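> Would you mind keeping the following structure in view while I ask a few things?
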Amino acid sequence: MIQVDGLHKLYGEFPAVQGLSFSVAAGEVLGLVGPNGAGKTTTIRSIAGIIIPTSGRIAVAGHDLKTDPVAAKGALAFIPDEPHLFEYLTVEEHLRFVARLYRLGDVSARIPGLLAELDLSDKQHALPGELSRGMKQKLAIACGLLHDPKALLLDEPLTGLDPVGIRRMKGTIMRRAAAGTAVILSSHLLHLVEEICTRVLVMQRGQAVAFGSIAEILAERPALRSRKLEDVFLALIGQEDEAGQS
Amino acid sequence: MIGVFGYLTWRSARNRIARQIRQLRSPRYLAALLLGLAYLWFVVMGQRPATSAAATADPRVLELIGAFALFGAVAWGWIFGVERRVLAFSPAEITFLFSGPVSRQGLIQYKLLRNQLLILFNALLWTLILSRERFGVSAWLRVISIWVMLTTLSFHRLGASFVRTSLSEHGRLGARHRAVSLALLGAFLIALVWGIADALPELAAARGLAGSGFLSAVAAAFDHPLPRLLTYPFRIMVRPLVAHSMGDWLVALWPALVLMLLHYVWVVRSDTAFEEAATEVSLRRATALASGSVRASTPRSQPRRTLVRLSATGWPAGAILWKNLVAATRTRRIHNVAVSVALAGGIVALLSFDPEGSFAEVAGWLALFWAGVMVITGPQYVRNDLRSDLLKLDLLRSYPLRGWSVVLAEAAASTLMLTLLQIALLGLSYLAFLGNQTLEPGLEARTVLLLLSLIFLPPINLLGMLIQNGAALLYPAWVRVGVGRPGGVETLGQNLLMVLAFSVLLALTLLLPATLAAGSYLLLRPGLDAWALIPAGVLALLAMGFEATWMVEWLGGLFERTDPGAAGITA
């Protein structure tokens with residue numbers, strides 16, 4: 001569903017992403033992990049069509065992002081860590097706005113269920129300024145899910161959510177994946193990645209240092225098998241000393 | 001503490017300038033800077049006329065005009081309030097300074113200090129802009145004079161805003177406050193008229209004189225004791241600017257400095273009101289930036305009305321157009337404008353049938369004038385488009401839309417709002433002259449002109465909006481993006497310069513349609529007479545359409561290529 005081949009992104013002389021290739025099949029949840037500055041956000045924003053790669057090819061649902069960006073973007077949803085909302089549109093109007101962008105004719109039927117799923121039903125006429133940080137995040141998620149995307153890109157999706165919200169969000173991601181959506185999830189929360197991701201891509205300095213399911217990654221590195229996930233992660237990104245201290 | 005503030009101000013300014021200079025590595029920015037400097041050199045510095053209007057004007061006239069301009073700015077601040085961007089603390093400033101061991105007076109001093117950089121920069125700009133005018137002693141003294149004047153005015157408006165906020169916090173700002181302000185303003189104006197009553201026969205006699213002769217008579221009338229006393233505080237702010245010798249300048253400067261210092265003391269001592277005002281402004285700004293602050297959450301929100309309901313089908317980018325129109329209708333300003341225009345329209349239409357009809361006539365000419373001025377100033381002020389949305393570029397770029405359709409929808413929203421405003425003013429003007437049987441052109445011709453404005457204003461405004469949006473896309477580091485624009489007396493110079501640059505670009509853009517229209521009219525007139533205007537107008541519309549299409553395509557491509565991080569666009 002998502003195909004990334006030889007992705008490079010340079011900022012001036014600085015290589016943010018170098019030769020990254022991977023694919024995410026329908027129903028799969030890929031976790032992007034890595035330290036700050038590893039290139040996770042650049043990768044996810046490149047797939048969302050926000051950043052133009054220096055070279056490489058990205059395809060979403062069979063549509064090349066460069067040659068057929070409208071069809072590719074129409075098949076995906078990007079939910080950033082910081083919710084960007086329009087301050088003069090209410091919750092419901094945000095959804096109607098997105099429905100028009102994605103040409104959804106049956107929006108009135110979809111809205112109530114989605115608002116209920118994200119616990120926003122009694123806020124449908126509220127402006128973003130009247131919502132808490134977590135509710136804004138939920139609204140951004142609702143906007144992303146409204147058109148039933150085939151590919152879902154989530155950058156730190158649990159930021160600002162309360163425990164109930166976190167549980168619901170995890171459930172939502174797993175339900176979407178079970179329904180056939182390809183999900184890429186960037187997060188520093190390793191337990192989240194372990195819990196819901198079918199495969200993990202560990203990045204360091206713009207490159208992939210490990211790719212596969214956690215079991216596959218550990219199978220390739222027998223020395224790490226008995227270690228905690230956090231230690232495995234630190235060892236993979238070359239922070240052995242930190243791993244030894246924990 | 002002053003040392004810390006000085007450090008923060010100096011280092012921030014230094015780093016900001018360094019960043020702006022680094023931008024010049026981009027050929028796009030360098031070319032724009034060189035063009036701007038060349039423009040300033042040739043237009044402002046290079047063409048020094050032997051005499052100019054200001055050089056030959058009576059200094060008393062200049063002083064009086066300046067005093068009335070300042071009076072207008074002060075009155076506006078008291079009656080309607082002013083935007084207190086100077087009070088807006090950034091989230092970082094709130095975190096470090098509000099929670100730190102800093103007194104409220106210290107915070108005020110810090111904000112005033114930071115604002116001084118802006119005022120000084122604008123004083124330099126004004127000196128450049130006014131360099132063709134030869135009043136005043138020298139350019140350097142003019143910088144000081146303008147700085148003192150702008151600083152005093154800025155302090156006064158800030159002080160007035162403190163008082164307004166304090167009244168508001170205590171539930172006393174509202175119709176009564178406005179009534180008191182208006183009553184004081186009315187009393188001031190009545191006292192002025194009463195003060196010059198003796199000079200009215202001379203003024204009536206001077207009506208036949210040339211402009212400067214009449215203005216000199218007005219200045220002489222205001223030299224009477226009472227009007228002189230009433231306008232004295234405003235005059236002393238202007239006087240250093242129009243002084244003709246070093247001695248005069250020094251004599252004029254010290255009262256202006258004393259007035260500035262008195263204002264400083266007033267503002268610095270308004271610490272309680274400041275706290276309330278600063279908190280309000282900063283919170284509002286934080287909300288506008290959607291940086292995560294939380295306003296009081298309502299338990300169950302009420303439905304909000306929209307003028308137009310968005311259908312789920314149709315041109316997808318129409319959603320962006322709709323969003324911007326909804327945003328415009330949900331600000332109080334648009335309601336005030338709509339109610340004011342509707343009320344004024346009704347009143348002037350009634351008054352236009354009055355045999356004297358002079359009030360309606362004045363209102364009609366004013367409305368016509370402002371509708372015209374808005375072709376130039378409107379695209380700067382009506383900015384519910386890419387300029388507001390550019391901080392959400394990530395979001396816009398993730399939508400399944402081509403760049404051209406985003407640009408077109410964004411620019412169309414502002415175009416529609418500006419055109420509606422202009423048409424309302426033109427309608428007002430039309431109504432004001434409705435009962436006037438003697439005015440040329442006659443009622444029929446005026447009706448045709450009003451209808452023609454409906455056809456020609458939208459494409460002209462669209463071109464203006466595309467220029468403004470293009471500037472934001474091309475130069476996001478120079479153009480203010482996000483909600484609001486640089487406002488207040490501190491930024492008058494900057495804004496004037498932007499208007500000048502925009503006027504040149506718009507004129508260049510309209511050159512092709514105007515040339516084609518004029519050429520075809522001259523060619524066809526022998527055969528078609530006045531009917532030649534129709535093909536000329538169609539040709540102008542086609543040319544504007546072609547230009548707009550080309551600009552939308554080009555800016556759309558630019559939109560698709562703009563990398564938010566690399567362009568320095570951050571929320």
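As shown in the structure tokens, the chain order sets the letters A, B, ...; within each chain, residues go from 1, and ligands are also counted from 1 in the order they appear.
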Would you pick out the contacts of Ala548 in chain B at 10 Å or less, using only C-alpha atoms, so that residues sharing its chain but fewer than 2 positions from it are not included, and give the list as a list in words?
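Near neighbours after the sequence-gap exclusion: Leu408, Pro459, Ile460, Leu462, Leu463, Gly464, Leu466, Ile467, Thr509, Leu542, Ala543, Met544, Gly545, Phe546, Trp550, Met551, Val552, Glu553 and Trp554 of chain B.
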> As number ranges by chain, please: the residues near range 70-76 of chain B (cut-off 10 Å, only C-alpha atoms, same-chain neighbours under 4 positions excluded).
B: 64-66, 80-82, 149-150, 153-154, 156-157, 160, 181-182, 184-185, 231, 233-235, 237-238, 488-489
> Thr42 in chain A: which residues within 9 Å, counting only C-alpha atoms, same-chain residues fewer than 2 positions away excluded, as a list in words?
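With the cut-off at 9 Å, the set is Lys9, Ala16, Val17, Ala38, Gly39, Lys40, Ile44, Arg45, Ser46, Ile47, Ile51 and Gly206 of chain A.
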> Keeping only C-alpha atoms, write the selected residues as a PDB file, in the first residue's frame.

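See out31.pdb below for the written result:
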ATOM      1  CA  LYS A   9      16.276  14.281   1.534  1.00  0.00           C
ATOM      2  CA  ALA A  16      18.116  14.215   6.736  1.00  0.00           C
ATOM      3  CA  VAL A  17      17.219  10.900   5.071  1.00  0.00           C
ATOM      4  CA  ALA A  38      17.006  10.512  13.043  1.00  0.00           C
ATOM      5  CA  GLY A  39      14.780  11.522  10.105  1.00  0.00           C
ATOM      6  CA  LYS A  40      11.468   9.995  11.210  1.00  0.00           C
ATOM      7  CA  ILE A  44       6.636  10.646   7.330  1.00  0.00           C
ATOM      8  CA  ARG A  45       6.187  14.185   5.962  1.00  0.00           C
ATOM      9  CA  SER A  46       7.723  13.122   2.654  1.00  0.00           C
ATOM     10  CA  ILE A  47       5.215  10.283   2.369  1.00  0.00           C
ATOM     11  CA  ILE A  51       8.189  17.693   1.851  1.00  0.00           C
ATOM     12  CA  GLY A 206      18.666   9.338   8.262  1.00  0.00           C
TER      13      GLY A 206
END
> Go through chain A residue by residue and, counting only C-alpha atoms, keep those with an atom at most 9 Å from chain B; for each kept residue give the shortest atom pair and its distance in Å to one decimal, ordered by chain and increasing number, as a tab-separated table.

residue	atom	partner	partner_atom	distance
A:Tyr11	CA	B:Ala566	CA	7.4
A:Gly12	CA	B:Ala566	CA	8.9
A:Arg45	CA	B:Asp394	CA	8.3
A:Ala48	CA	B:Ser398	CA	5.8
A:Gly49	CA	B:Ser398	CA	5.9
A:Ile50	CA	B:Arg397	CA	5.2
A:Ile51	CA	B:Asp563	CA	5.7
A:Ile52	CA	B:Arg561	CA	6.9
A:Pro69	CA	B:Pro400	CA	7.1
A:Val70	CA	B:Pro400	CA	4.4
A:Ala71	CA	B:Pro400	CA	6.8
A:Ala72	CA	B:Pro400	CA	7.5
A:Lys73	CA	B:Pro400	CA	4.8
A:Gly74	CA	B:Pro400	CA	5.0
A:Ala75	CA	B:Pro400	CA	8.5
A:Leu76	CA	B:Ser398	CA	8.7
A:Ala77	CA	B:Ser398	CA	7.7
A:Phe78	CA	B:Ser398	CA	6.9
A:Ile79	CA	B:Leu395	CA	9.0
A:Pro80	CA	B:Leu395	CA	8.7
A:Glu82	CA	B:Ser291	CA	8.6
A:Pro83	CA	B:Ala290	CA	8.4
A:His84	CA	B:Lys392	CA	6.4
A:Leu85	CA	B:Ala290	CA	7.5
A:Phe86	CA	B:Lys323	CA	8.2
A:Glu87	CA	B:Ala288	CA	7.1
A:Tyr88	CA	B:Ala327	CA	4.9
A:Leu89	CA	B:Ala327	CA	7.1
A:Thr90	CA	B:Arg304	CA	7.9
A:Glu93	CA	B:Leu310	CA	8.6
A:His94	CA	B:Lys323	CA	8.8
A:Arg96	CA	B:Ala312	CA	6.9
A:Phe97	CA	B:Ala319	CA	5.5
A:Val98	CA	B:Ala319	CA	7.7
A:Ala99	CA	B:Ala312	CA	6.0
A:Arg100	CA	B:Ala312	CA	4.7
A:Leu101	CA	B:Pro316	CA	4.5
A:Tyr102	CA	B:Pro316	CA	6.9
A:Arg103	CA	B:Thr313	CA	5.8
A:Leu104	CA	B:Ala312	CA	6.1
A:Gly105	CA	B:Ala312	CA	5.3
A:Asp106	CA	B:Ala312	CA	7.7
A:Val107	CA	B:Ala312	CA	6.9
A:Ser108	CA	B:Ala312	CA	9.0
A:Asp122	CA	B:Arg300	CA	5.6
A:Lys123	CA	B:Ser301	CA	5.7
A:Gln124	CA	B:Ser301	CA	7.1
A:His125	CA	B:Pro303	CA	5.0
A:Ala126	CA	B:Ser301	CA	5.1
A:Leu127	CA	B:Ser301	CA	8.6
A:Pro128	CA	B:Ala290	CA	8.3
A:Gly129	CA	B:Arg295	CA	6.0
A:Glu130	CA	B:Ser297	CA	5.0
A:Leu131	CA	B:Ser297	CA	6.0
A:Ser132	CA	B:Val294	CA	5.5
A:Arg133	CA	B:Gly292	CA	5.8
A:Lys136	CA	B:Gly292	CA	8.7
> Mind running range 151-234 of chain A against range 22-26 of chain A at 6 Å and telling me each contacting residue's nearest atom pair with the distance in Å (one decimal), counting only C-alpha atoms, chain and number ascending, as a tab-separated table?

residue	atom	partner	partner_atom	distance
A:Gly180	CA	A:Ala26	CA	4.9
A:Thr181	CA	A:Ala26	CA	5.3
A:Ala182	CA	A:Ala26	CA	4.5
> Between CA of Leu152 in chain A and CA of Leu185 in chain A, what is the distance, to one decimal in Å?
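Going from CA of Leu152 in chain A over to CA of Leu185 in chain A, I get 8.2 Å.
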> Write out as an MDAnalysis selection string the residues lying within 12 Å of Leu421 in chain B, counting only C-alpha atoms and excluding same-chain residues fewer than 5 positions away.
chainID B and resid 334:335 337:342 367:368 370:375 378:379 381:382 414:416 426:428 454 457:458 461
> One number please: CA of Leu307 in chain B to CA of Ile455 in chain B, in Å, one decimal.
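A separation of 23.4 Å between them.
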> Per DSSP on the backbone, filter range 127-244 of chain A down to the residues in alpha helix (DSSP H) and report them as JSON, numbers by chain.
{"A": [133, 134, 135, 136, 137, 138, 139, 140, 141, 142, 143, 144, 145, 163, 164, 165, 166, 167, 168, 169, 170, 171, 172, 173, 174, 175, 176, 177, 178, 190, 191, 192, 193, 194, 195, 196, 214, 215, 216, 217, 218, 219, 220, 229, 230, 231, 232, 233, 234, 235, 236, 240, 241, 242, 243, 244]}
> Go ahead and write the selection's residues with C-alpha atoms as an mmCIF file, in the first residue's frame.

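The resulting file, part34.cif, is reproduced below:
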data_model
loop_
_atom_site.group_PDB
_atom_site.id
_atom_site.type_symbol
_atom_site.label_atom_id
_atom_site.label_comp_id
_atom_site.auth_asym_id
_atom_site.auth_seq_id
_atom_site.Cartn_x
_atom_site.Cartn_y
_atom_site.Cartn_z
ATOM 1 C CA ARG A 133 -5.278 20.200 23.920
ATOM 2 C CA GLY A 134 -6.399 16.562 23.918
ATOM 3 C CA MET A 135 -9.727 17.359 22.288
ATOM 4 C CA LYS A 136 -7.967 19.312 19.569
ATOM 5 C CA GLN A 137 -5.820 16.268 18.942
ATOM 6 C CA LYS A 138 -8.923 14.097 18.768
ATOM 7 C CA LEU A 139 -10.463 16.483 16.236
ATOM 8 C CA ALA A 140 -7.314 16.321 14.099
ATOM 9 C CA ILE A 141 -7.561 12.520 14.269
ATOM 10 C CA ALA A 142 -11.246 12.613 13.332
ATOM 11 C CA CYS A 143 -10.401 14.772 10.301
ATOM 12 C CA GLY A 144 -7.768 12.237 9.280
ATOM 13 C CA LEU A 145 -10.034 9.235 9.637
ATOM 14 C CA PRO A 163 -5.443 7.599 29.460
ATOM 15 C CA VAL A 164 -8.926 6.943 28.095
ATOM 16 C CA GLY A 165 -8.032 8.759 24.893
ATOM 17 C CA ILE A 166 -4.819 6.764 24.578
ATOM 18 C CA ARG A 167 -6.667 3.492 24.946
ATOM 19 C CA ARG A 168 -9.290 4.562 22.389
ATOM 20 C CA MET A 169 -6.605 5.748 19.994
ATOM 21 C CA LYS A 170 -4.758 2.469 20.178
ATOM 22 C CA GLY A 171 -8.036 0.642 19.560
ATOM 23 C CA THR A 172 -8.793 2.904 16.598
ATOM 24 C CA ILE A 173 -5.388 2.250 15.014
ATOM 25 C CA MET A 174 -5.714 -1.505 15.429
ATOM 26 C CA ARG A 175 -9.282 -1.524 14.099
ATOM 27 C CA ARG A 176 -8.245 0.496 11.044
ATOM 28 C CA ALA A 177 -5.333 -1.835 10.414
ATOM 29 C CA ALA A 178 -7.592 -4.858 10.790
ATOM 30 C CA LEU A 190 8.520 2.047 22.689
ATOM 31 C CA HIS A 191 5.806 0.187 24.606
ATOM 32 C CA LEU A 192 3.227 1.571 22.155
ATOM 33 C CA VAL A 193 5.323 0.443 19.225
ATOM 34 C CA GLU A 194 5.756 -3.001 20.772
ATOM 35 C CA GLU A 195 2.045 -3.268 21.511
ATOM 36 C CA ILE A 196 0.527 -2.295 18.197
ATOM 37 C CA ILE A 214 10.704 -7.212 16.839
ATOM 38 C CA ALA A 215 11.177 -10.980 16.793
ATOM 39 C CA GLU A 216 13.007 -10.780 13.460
ATOM 40 C CA ILE A 217 15.230 -7.965 14.687
ATOM 41 C CA LEU A 218 16.133 -9.910 17.814
ATOM 42 C CA ALA A 219 16.699 -13.092 15.816
ATOM 43 C CA GLU A 220 19.363 -11.268 13.805
ATOM 44 C CA LEU A 229 13.057 -3.323 24.590
ATOM 45 C CA GLU A 230 14.549 0.005 25.669
ATOM 46 C CA ASP A 231 18.023 -1.515 25.823
ATOM 47 C CA VAL A 232 17.538 -3.136 22.435
ATOM 48 C CA PHE A 233 16.614 0.232 20.995
ATOM 49 C CA LEU A 234 19.633 1.953 22.568
ATOM 50 C CA ALA A 235 21.938 -0.755 21.323
ATOM 51 C CA LEU A 236 20.529 -0.480 17.801
ATOM 52 C CA GLU A 240 25.560 0.934 24.171
ATOM 53 C CA ASP A 241 26.782 2.843 27.217
ATOM 54 C CA GLU A 242 23.295 4.166 27.959
ATOM 55 C CA ALA A 243 21.917 0.654 27.480
ATOM 56 C CA GLY A 244 24.396 -0.765 29.955
#
> Using only C-alpha atoms, which residues sit within 10 Å of Val218 in chain B once same-chain residues fewer than 3 positions away are excluded, as a PDB file with C-alpha atoms, in the first residue's frame?

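And here's part03.pdb as it stands now:
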ATOM      1  CA  ARG B  60       2.087  76.718  10.712  1.00  0.00           C
ATOM      2  CA  VAL B  61       0.003  74.790   8.184  1.00  0.00           C
ATOM      3  CA  LEU B  64      -1.648  72.146  12.183  1.00  0.00           C
ATOM      4  CA  ILE B 196     -12.313  79.994  15.612  1.00  0.00           C
ATOM      5  CA  ALA B 199     -12.202  84.011  12.181  1.00  0.00           C
ATOM      6  CA  LEU B 200     -15.084  82.428  10.232  1.00  0.00           C
ATOM      7  CA  GLU B 202     -12.009  85.539   7.025  1.00  0.00           C
ATOM      8  CA  LEU B 203     -12.169  81.815   6.359  1.00  0.00           C
ATOM      9  CA  ALA B 206     -10.405  82.759   1.850  1.00  0.00           C
ATOM     10  CA  SER B 212      -2.129  77.166   0.183  1.00  0.00           C
ATOM     11  CA  GLY B 213      -3.806  80.562   0.730  1.00  0.00           C
ATOM     12  CA  PHE B 214      -6.857  78.925   2.251  1.00  0.00           C
ATOM     13  CA  LEU B 215      -4.747  76.639   4.435  1.00  0.00           C
ATOM     14  CA  ALA B 221      -7.666  80.974  12.568  1.00  0.00           C
ATOM     15  CA  PHE B 222      -6.251  78.251  14.794  1.00  0.00           C
ATOM     16  CA  ASP B 223      -3.688  80.691  16.150  1.00  0.00           C
TER      17      ASP B 223
END
> Hey, what's within 10 Å of Ala243 in chain B if we count only C-alpha atoms and toss same-chain stuff fewer than 4 positions away? As a PyMOL selection string, please?
chain B and resi 59+63+135-138+141-142+145+238-239+247-253
> Excluding same-chain residues fewer than 2 positions from Ala514 in chain B, what lies within 12 Å of it counting only C-alpha atoms, as a PyMOL selection string?
chain B and resi 456+460+506-512+516-521+536-544
> Identify all residues of range 18-223 of chain A in strand (DSSP E or B) (DSSP on the backbone) and supply them as a PyMOL selection string.
chain A and resi 18-24+29-33+55-60+63-64+76-79+151-155+182-186+199-204+207-212
